[in-house]
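**Q** One structure, pasted below without further comment.
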Amino acid sequence: MPSSGGGVSKADLLMRRILKLENEIAKIRDIDLLLEKILVEARNFTSADAGSIYIREGDQLKFSYTQNDTLQSQLPPGKKLIYSTFITPIDSNSIAGHVAITAKAINIPDVWNLPPGVPYSFNRSYDEITGYRTSSMLTFPLTTSRGEVSGVLQLINAKDIDGE
């Protein structure tokens with residue numbers, strides 16, 4: 001719906017962007033390319049500095065895809081970040097595991113200061129090893145058309161208008 005100024009509304013632009021993305025994703029047949037594209041676009045929509053996708057394998061989540069603009073910018077041109085894959089159980093001890101078990105999204109403003117009484121915790125070891133500081137985190141389940149959780153998507157450190 002055009003705005004009163006004769007231009008295109010923000011909602012219209014967003015809807016067009018989503019429809020274009022839906023068409024692009026429908027054409028991708030390689031699962032690795034598809035998940036990378038989903039991660040890129042989810043980060044773009046939310047202005048997230050970083051993000052990860054965990055894939056469900058039985059009763060575990062495999063850390064499979066990750067992107068981090070801050071750490072990538074610290075590397076020489078042409079170099080890519082290499083991440084170790086790891087597996088975490090699907091239980092309420094971790095944020096990703098809790099989202100997988102409950103199938104409910106969690107939006108955390110500061111993972112270093114979790115609200116009292118939550119069953120999950122934040123593993124600080126990655127931040128301590130890399131010097132990266134995880135702050136905000138939006139974590140939600142990736143579900144099949146039947147509602148089964150097939151993975152988890154984490155978006156890390158939302159950036160404001162100035163890129164902070």
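Ordered as shown in the structure tokens, chains take letters A, B, and onward, while each chain numbers its residues from 1 and ligands are numbered from 1 in the order shown.
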Need the shell around Phe63 in chain A: protein/DNA/RNA residues with any atom at most 6 Å away, counting only C-alpha atoms. Skip same-chain ones fewer than 6 positions apart. Format as a list in words?

**A**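 Neighbouring residues, sequence-local ones excluded: Tyr54, Thr85 and Phe86 of chain A.
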
**Q** List as a list in words the protein and nucleic acid residues near range 72-82 of chain A, meaning an atom at most 12 Å away when only C-alpha atoms are counted, but skip any in the same chain fewer than 3 places from it.

**A**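 The contact residues come out as Asp49, Ala50, Ser64, Tyr65, Thr66, Gln67, Asn68, Asp69, Thr85, Thr130, Gly131 and Tyr132 of chain A.
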
**Q** I want to know what sits within 12 Å of range 136-152 of chain A, based on only C-alpha atoms, with residues of the same chain fewer than 2 positions away left out; could you give that as a PyMOL selection string?

**A** chain A and resi 35+38-39+42-43+46-66+88+90+94-114+122+133-134+154-160+164

**Q** Quick one: distance from CA of Val40 in chain A to CA of Pro89 in chain A in Å, one decimal?

**A**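 Spanning CA of Val40 in chain A to CA of Pro89 in chain A is a straight-line distance of 25.4 Å.
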
**Q** Tell me, in Å to one decimal, how far CA of Asp91 in chain A is from CA of Leu34 in chain A.

**A** 26.6 Å
